[in-house]
$ cat work-v2.pdb   # PDB, C-alpha atoms
ATOM      1  CA  MET G   1     133.359  86.360 116.548
ATOM      2  CA  GLY G   2     131.540  89.679 117.090
ATOM      3  CA  TYR G   3     132.798  93.196 116.574
ATOM      4  CA  TYR G   4     131.986  94.434 120.054
ATOM      5  CA  SER G   5     134.012  94.219 123.208
ATOM      6  CA  MET G   6     132.525  92.468 126.228
ATOM      7  CA  GLU G   7     131.964  95.882 127.841
ATOM      8  CA  MET G   8     129.867  97.041 124.878
ATOM      9  CA  LYS G   9     127.800  93.846 124.938
ATOM     10  CA  GLU G  10     126.936  94.391 128.599
ATOM     11  CA  ASP G  11     125.619  97.883 127.812
ATOM     12  CA  LEU G  12     123.286  96.661 125.063
ATOM     13  CA  SER G  13     120.363  94.403 125.820
ATOM     14  CA  PRO G  14     118.917  92.290 122.997
ATOM     15  CA  PHE G  15     115.741  94.401 123.003
ATOM     16  CA  CYS G  16     115.084  97.936 124.168
ATOM     17  CA  PRO G  17     111.591  99.380 123.716
ATOM     18  CA  ARG G  18     112.909 102.974 123.715
ATOM     19  CA  TYR G  19     115.420 102.180 120.995
ATOM     20  CA  SER G  20     112.721 100.424 118.956
ATOM     21  CA  ARG G  21     110.401 103.422 119.295
ATOM     22  CA  ALA G  22     113.194 105.825 118.272
ATOM     23  CA  VAL G  23     113.945 103.765 115.153
ATOM     24  CA  GLU G  24     110.226 103.686 114.298
ATOM     25  CA  ILE G  25     110.049 107.482 114.554
ATOM     26  CA  ILE G  26     113.147 108.442 112.593
ATOM     27  CA  GLY G  27     113.151 105.399 110.311
ATOM     28  CA  ARG G  28     109.931 106.173 108.495
ATOM     29  CA  ARG G  29     110.306 106.855 104.800
ATOM     30  CA  TRP G  30     111.256 110.491 104.093
ATOM     31  CA  THR G  31     111.759 111.391 107.768
ATOM     32  CA  GLY G  32     115.546 111.339 107.472
ATOM     33  CA  GLY G  33     115.404 113.796 104.584
ATOM     34  CA  VAL G  34     113.046 116.072 106.501
ATOM     35  CA  LEU G  35     115.363 116.035 109.515
ATOM     36  CA  ARG G  36     118.394 116.814 107.330
ATOM     37  CA  ALA G  37     116.549 119.716 105.714
ATOM     38  CA  LEU G  38     115.645 121.117 109.129
ATOM     39  CA  MET G  39     119.221 120.813 110.408
ATOM     40  CA  ALA G  40     119.986 123.983 108.427
ATOM     41  CA  GLY G  41     117.624 125.934 110.709
ATOM     42  CA  ARG G  42     114.159 127.425 110.611
ATOM     43  CA  THR G  43     112.630 126.916 107.172
ATOM     44  CA  HIS G  44     109.409 126.978 105.182
ATOM     45  CA  PHE G  45     107.447 124.023 103.846
ATOM     46  CA  SER G  46     108.336 124.788 100.224
ATOM     47  CA  GLU G  47     112.052 124.933 101.053
ATOM     48  CA  ILE G  48     111.902 121.520 102.717
ATOM     49  CA  ALA G  49     109.955 120.098  99.759
ATOM     50  CA  ALA G  50     112.516 121.483  97.300
ATOM     51  CA  THR G  51     115.395 119.676  99.025
ATOM     52  CA  ILE G  52     113.827 116.191  98.939
ATOM     53  CA  PRO G  53     113.283 114.779  95.428
ATOM     54  CA  GLY G  54     110.215 112.580  95.100
ATOM     55  CA  LEU G  55     108.505 113.659  98.324
ATOM     56  CA  SER G  56     104.889 114.700  97.759
ATOM     57  CA  ASP G  57     103.381 117.656  99.607
ATOM     58  CA  ARG G  58     100.884 115.308 101.250
ATOM     59  CA  LEU G  59     103.617 113.056 102.642
ATOM     60  CA  LEU G  60     105.731 116.026 103.724
ATOM     61  CA  SER G  61     102.748 117.409 105.646
ATOM     62  CA  GLU G  62     102.228 114.001 107.250
ATOM     63  CA  ARG G  63     105.888 113.643 108.280
ATOM     64  CA  LEU G  64     106.054 117.185 109.682
ATOM     65  CA  ARG G  65     102.868 116.550 111.667
ATOM     66  CA  GLU G  66     104.273 113.267 113.041
ATOM     67  CA  LEU G  67     107.557 114.916 114.025
ATOM     68  CA  GLU G  68     105.634 117.773 115.626
ATOM     69  CA  ASP G  69     103.480 115.286 117.579
ATOM     70  CA  GLU G  70     106.670 113.574 118.801
ATOM     71  CA  GLY G  71     108.126 116.896 119.977
ATOM     72  CA  ILE G  72     110.981 116.837 117.440
ATOM     73  CA  VAL G  73     109.753 119.672 115.199
ATOM     74  CA  ARG G  74     108.100 122.968 116.096
ATOM     75  CA  ARG G  75     105.602 124.591 113.730
ATOM     76  CA  ASN G  76     105.703 128.386 113.955
ATOM     77  CA  VAL G  77     102.740 130.441 112.717
ATOM     78  CA  THR G  78     103.166 134.170 112.197
ATOM     79  CA  ALA G  79      99.870 136.036 112.027
ATOM     80  CA  CYS G  80     100.114 138.320 109.022
ATOM     81  CA  ARG G  81      98.654 138.452 105.529
ATOM     82  CA  PRO G  82      99.306 135.921 104.172
ATOM     83  CA  VAL G  83      99.938 133.789 107.245
ATOM     84  CA  LYS G  84     103.567 132.631 107.436
ATOM     85  CA  ILE G  85     104.339 129.120 108.638
ATOM     86  CA  ASP G  86     107.800 127.728 109.165
ATOM     87  CA  TYR G  87     109.350 124.765 110.902
ATOM     88  CA  GLU G  88     112.355 124.218 113.125
ATOM     89  CA  LEU G  89     113.869 121.505 115.268
ATOM     90  CA  THR G  90     113.029 121.572 118.959
ATOM     91  CA  GLU G  91     115.632 120.828 121.627
ATOM     92  CA  MET G  92     114.776 117.151 121.176
ATOM     93  CA  GLY G  93     115.227 117.497 117.413
ATOM     94  CA  VAL G  94     118.569 119.277 117.788
ATOM     95  CA  ALA G  95     119.704 116.365 119.979
ATOM     96  CA  LEU G  96     119.181 114.122 116.915
ATOM     97  CA  ILE G  97     121.696 116.062 114.787
ATOM     98  CA  PRO G  98     124.725 113.962 115.831
ATOM     99  CA  VAL G  99     122.690 110.804 115.198
ATOM    100  CA  VAL G 100     121.775 111.972 111.694
ATOM    101  CA  GLN G 101     125.379 113.020 111.045
ATOM    102  CA  SER G 102     126.674 109.620 112.197
ATOM    103  CA  LEU G 103     124.179 107.818 109.984
ATOM    104  CA  ALA G 104     125.173 110.038 107.047
ATOM    105  CA  ALA G 105     128.863 109.213 107.610
ATOM    106  CA  TRP G 106     128.026 105.497 107.790
ATOM    107  CA  ALA G 107     126.013 105.768 104.552
ATOM    108  CA  GLU G 108     128.866 107.548 102.754
ATOM    109  CA  GLU G 109     131.209 104.729 103.709
ATOM    110  CA  TRP G 110     128.964 101.702 103.220
ATOM    111  CA  ILE G 111     126.194 102.485 100.720
ATOM    112  CA  PRO G 112     127.539 102.237  97.164
ATOM    113  CA  ALA G 113     126.491 104.906  94.678
ATOM    114  CA  SER G 114     125.045 102.140  92.505
ATOM    115  CA  ALA G 115     122.502 101.347  95.256
ATOM    116  CA  ILE G 116     121.028 104.842  95.221
ATOM    117  CA  THR G 117     117.837 105.474  93.263
ATOM    118  CA  THR G 118     116.432 108.938  92.777
ATOM    119  CA  ARG G 119     112.709 109.362  92.452
ATOM    120  CA  THR G 120     111.231 112.506  90.983
ATOM    121  CA  ARG G 121     108.099 114.268  92.109
TER     122      ARG G 121
END

$ encode --input "work-v2.pdb" --output "structure tokens"
Amino acid sequence: MGYYSMEMKEDLSPFCPRYSRAVEIIGRRWTGGVLRALMAGRTHFSEIAATIPGLSDRLLSERLRELEDEGIVRRNVTACRPVKIDYELTEMGVALIPVVQSLAAWAEEWIPASAITTRTR
């Protein structure tokens, strides 16, 4: 017997291409950590890197570029010497905050501490 009511089952089709695309975007390795770091507000590359153990600068650049291409992150460049670059969530990215918070709550309840591995840089 399933966990969902009949009403919930009618709302969910077995396959949804939009859902699949969303999971592909936010489910890539390190993307969740990048999103969590950006939930605190506008921040610099080095600050994001410092919050995510094990994430290389190359991969952080790649993830930020992907999120920017998807319209989830905005890259802000301030013309000065030296040039200042920071990142922030767009309206689309801010709309993901409750999703990330729900996933974090689920993880706290269901992922045992023994299953967590920490990688260093």

$ closest_atom_pairs --input "work-v2.pdb" --of "stretch 65-109 of chain G" --to "stretch 35-41 of chain G" --cutoff "9 Å" --atoms "only C-alpha atoms" --output "CSV"
residue,atom,partner,partner_atom,distance
G:Val73,CA,G:Leu38,CA,8.6
G:Tyr87,CA,G:Leu38,CA,7.5
G:Glu88,CA,G:Leu38,CA,6.0
G:Leu89,CA,G:Leu38,CA,6.4
G:Gly93,CA,G:Leu35,CA,8.0
G:Val94,CA,G:Met39,CA,7.6
G:Leu96,CA,G:Leu35,CA,8.5
G:Ile97,CA,G:Met39,CA,6.9
G:Val100,CA,G:Arg36,CA,7.3
G:Gln101,CA,G:Arg36,CA,8.8

$ atom_distance --input "work-v2.pdb" --atom1 "atom CA of G:Ile72" --atom2 "atom CA of G:Ile26"
9.9 Å

$ closest_residue --input "work-v2.pdb" --among "G:Ser46, G:Cys16, G:Thr51, G:Asp11" --to "G:Gly33" --atoms "all atoms listed in the file"
G:Thr51

$ atom_distance --input "work-v2.pdb" --atom1 "atom CA of G:Gly32" --atom2 "atom CA of G:Ala113"
18.0 Å

$ residues_around --input "work-v2.pdb" --residues "G:Ile85" --least-positions-apart "4" --cutoff "10 Å" --atoms "all atoms listed in the file" --output "PDB file with C-alpha atoms, in the frame of the given file"
ATOM      1  CA  THR G  43     112.630 126.916 107.172  1.00  0.00           C
ATOM      2  CA  HIS G  44     109.409 126.978 105.182  1.00  0.00           C
ATOM      3  CA  PHE G  45     107.447 124.023 103.846  1.00  0.00           C
ATOM      4  CA  ARG G  75     105.602 124.591 113.730  1.00  0.00           C
ATOM      5  CA  ASN G  76     105.703 128.386 113.955  1.00  0.00           C
ATOM      6  CA  VAL G  77     102.740 130.441 112.717  1.00  0.00           C
ATOM      7  CA  THR G  78     103.166 134.170 112.197  1.00  0.00           C
ATOM      8  CA  ALA G  79      99.870 136.036 112.027  1.00  0.00           C
TER       9      ALA G  79
END

$ closest_residue --input "work-v2.pdb" --among "G:Met92, G:Ala107, G:Arg28, G:Pro14" --to "G:Glu62" --atoms "only C-alpha atoms"
G:Arg28

$ residues_around --input "work-v2.pdb" --residues "G:Arg63" --least-positions-apart "4" --cutoff "7 Å" --atoms "only C-alpha atoms" --output "ChimeraX atom specification"
/G:31,59,67

$ residues_around --input "work-v2.pdb" --residues "G:Asp57" --least-positions-apart "6" --cutoff "12 Å" --atoms "all atoms listed in the file" --output "ChimeraX atom specification"
/G:30,34,45-50,63-64,121

$ atom_distance --input "work-v2.pdb" --atom1 "atom CA of G:Ala105" --atom2 "atom CA of G:Val23"
17.6 Å

$ axis_aligned_box --input "work-v2.pdb" --around "stretch 71-75 of chain G" --padding-each-side "8 Å" --output "JSON"
{"center_x": 108.3, "center_y": 120.7, "center_z": 116.9, "size_x": 21.4, "size_y": 23.8, "size_z": 22.2}

$ closest_residue --input "work-v2.pdb" --among "G:Ala95, G:Leu60, G:Leu103, G:Leu55" --to "G:Gly27" --atoms "only C-alpha atoms"
G:Leu103

$ closest_residue --input "work-v2.pdb" --among "G:Ile111, G:Ile116, G:Val99, G:Ala104" --to "G:Ala22" --atoms "only C-alpha atoms"
G:Val99

$ closest_residue --input "work-v2.pdb" --among "G:Asp69, G:Pro98, G:Asp86, G:Pro53" --to "G:Thr117" --atoms "all atoms listed in the file"
G:Pro53

$ decode --input "work-v2.pdb" --residues "stretch 15-48 of chain G" --atoms "N, CA and C atoms" --output "JSON list (two decimals), in the first residue's frame"
[["chain", "number", "residue", "atom", "x", "y", "z"],
["G", 15, "PHE", "N", 5.81, 10.27, -15.21],
["G", 15, "PHE", "CA", 6.98, 10.97, -15.74],
["G", 15, "PHE", "C", 6.60, 12.39, -16.08],
["G", 16, "CYS", "N", 7.45, 13.32, -15.69],
["G", 16, "CYS", "CA", 7.25, 14.73, -16.02],
["G", 16, "CYS", "C", 8.58, 15.28, -16.49],
["G", 17, "PRO", "N", 8.68, 15.70, -17.74],
["G", 17, "PRO", "CA", 9.96, 16.19, -18.26],
["G", 17, "PRO", "C", 10.46, 17.44, -17.51],
["G", 18, "ARG", "N", 9.57, 18.30, -17.05],
["G", 18, "ARG", "CA", 10.00, 19.49, -16.30],
["G", 18, "ARG", "C", 10.61, 19.09, -14.97],
["G", 19, "TYR", "N", 9.96, 18.16, -14.29],
["G", 19, "TYR", "CA", 10.50, 17.67, -13.02],
["G", 19, "TYR", "C", 11.88, 17.03, -13.25],
["G", 20, "SER", "N", 11.99, 16.20, -14.26],
["G", 20, "SER", "CA", 13.26, 15.54, -14.56],
["G", 20, "SER", "C", 14.35, 16.56, -14.83],
["G", 21, "ARG", "N", 14.03, 17.60, -15.58],
["G", 21, "ARG", "CA", 15.02, 18.65, -15.89],
["G", 21, "ARG", "C", 15.42, 19.39, -14.61],
["G", 22, "ALA", "N", 14.45, 19.68, -13.74],
["G", 22, "ALA", "CA", 14.74, 20.38, -12.49],
["G", 22, "ALA", "C", 15.69, 19.55, -11.62],
["G", 23, "VAL", "N", 15.43, 18.24, -11.53],
["G", 23, "VAL", "CA", 16.28, 17.36, -10.73],
["G", 23, "VAL", "C", 17.68, 17.30, -11.33],
["G", 24, "GLU", "N", 17.78, 17.28, -12.66],
["G", 24, "GLU", "CA", 19.09, 17.28, -13.31],
["G", 24, "GLU", "C", 19.86, 18.55, -12.97],
["G", 25, "ILE", "N", 19.19, 19.68, -12.94],
["G", 25, "ILE", "CA", 19.85, 20.95, -12.66],
["G", 25, "ILE", "C", 20.33, 21.01, -11.21],
["G", 26, "ILE", "N", 19.43, 20.80, -10.27],
["G", 26, "ILE", "CA", 19.81, 20.99, -8.87],
["G", 26, "ILE", "C", 20.44, 19.75, -8.25],
["G", 27, "GLY", "N", 20.37, 18.62, -8.95],
["G", 27, "GLY", "CA", 20.90, 17.38, -8.41],
["G", 27, "GLY", "C", 22.35, 17.10, -8.76],
["G", 28, "ARG", "N", 22.96, 17.98, -9.52],
["G", 28, "ARG", "CA", 24.37, 17.75, -9.86],
["G", 28, "ARG", "C", 25.23, 17.87, -8.62],
["G", 29, "ARG", "N", 26.30, 17.13, -8.59],
["G", 29, "ARG", "CA", 27.20, 17.16, -7.43],
["G", 29, "ARG", "C", 27.66, 18.58, -7.17],
["G", 30, "TRP", "N", 27.61, 19.00, -5.92],
["G", 30, "TRP", "CA", 28.02, 20.29, -5.39],
["G", 30, "TRP", "C", 27.00, 21.40, -5.58],
["G", 31, "THR", "N", 26.02, 21.23, -6.45],
["G", 31, "THR", "CA", 25.06, 22.30, -6.71],
["G", 31, "THR", "C", 24.24, 22.63, -5.48],
["G", 32, "GLY", "N", 23.84, 21.62, -4.72],
["G", 32, "GLY", "CA", 23.08, 21.88, -3.50],
["G", 32, "GLY", "C", 23.85, 22.74, -2.51],
["G", 33, "GLY", "N", 25.14, 22.46, -2.37],
["G", 33, "GLY", "CA", 25.98, 23.26, -1.47],
["G", 33, "GLY", "C", 26.12, 24.69, -1.96],
["G", 34, "VAL", "N", 26.25, 24.86, -3.27],
["G", 34, "VAL", "CA", 26.36, 26.20, -3.84],
["G", 34, "VAL", "C", 25.06, 26.98, -3.59],
["G", 35, "LEU", "N", 23.93, 26.33, -3.81],
["G", 35, "LEU", "CA", 22.65, 26.99, -3.57],
["G", 35, "LEU", "C", 22.50, 27.38, -2.10],
["G", 36, "ARG", "N", 22.86, 26.47, -1.20],
["G", 36, "ARG", "CA", 22.78, 26.79, 0.24],
["G", 36, "ARG", "C", 23.65, 27.97, 0.59],
["G", 37, "ALA", "N", 24.86, 28.01, 0.03],
["G", 37, "ALA", "CA", 25.77, 29.13, 0.31],
["G", 37, "ALA", "C", 25.17, 30.45, -0.17],
["G", 38, "LEU", "N", 24.51, 30.41, -1.32],
["G", 38, "LEU", "CA", 23.94, 31.63, -1.89],
["G", 38, "LEU", "C", 22.63, 32.05, -1.20],
["G", 39, "MET", "N", 22.03, 31.16, -0.44],
["G", 39, "MET", "CA", 20.79, 31.50, 0.26],
["G", 39, "MET", "C", 21.04, 32.59, 1.30],
["G", 40, "ALA", "N", 22.28, 32.75, 1.73],
["G", 40, "ALA", "CA", 22.62, 33.78, 2.71],
["G", 40, "ALA", "C", 22.65, 35.18, 2.08],
["G", 41, "GLY", "N", 22.63, 35.25, 0.76],
["G", 41, "GLY", "CA", 22.64, 36.54, 0.07],
["G", 41, "GLY", "C", 23.84, 36.66, -0.85],
["G", 42, "ARG", "N", 23.99, 37.86, -1.38],
["G", 42, "ARG", "CA", 25.06, 38.16, -2.32],
["G", 42, "ARG", "C", 26.42, 37.85, -1.69],
["G", 43, "THR", "N", 27.26, 37.11, -2.43],
["G", 43, "THR", "CA", 28.53, 36.68, -1.87],
["G", 43, "THR", "C", 29.60, 36.50, -2.94],
["G", 44, "HIS", "N", 30.83, 36.45, -2.50],
["G", 44, "HIS", "CA", 31.97, 36.32, -3.41],
["G", 44, "HIS", "C", 32.34, 34.85, -3.60],
["G", 45, "PHE", "N", 33.03, 34.59, -4.67],
["G", 45, "PHE", "CA", 33.48, 33.24, -5.02],
["G", 45, "PHE", "C", 34.21, 32.59, -3.85],
["G", 46, "SER", "N", 35.16, 33.30, -3.28],
["G", 46, "SER", "CA", 35.98, 32.72, -2.19],
["G", 46, "SER", "C", 35.13, 32.37, -0.97],
["G", 47, "GLU", "N", 34.09, 33.14, -0.71],
["G", 47, "GLU", "CA", 33.20, 32.85, 0.42],
["G", 47, "GLU", "C", 32.39, 31.59, 0.17],
["G", 48, "ILE", "N", 31.95, 31.41, -1.07],
["G", 48, "ILE", "CA", 31.22, 30.19, -1.42],
["G", 48, "ILE", "C", 32.15, 29.00, -1.29]]
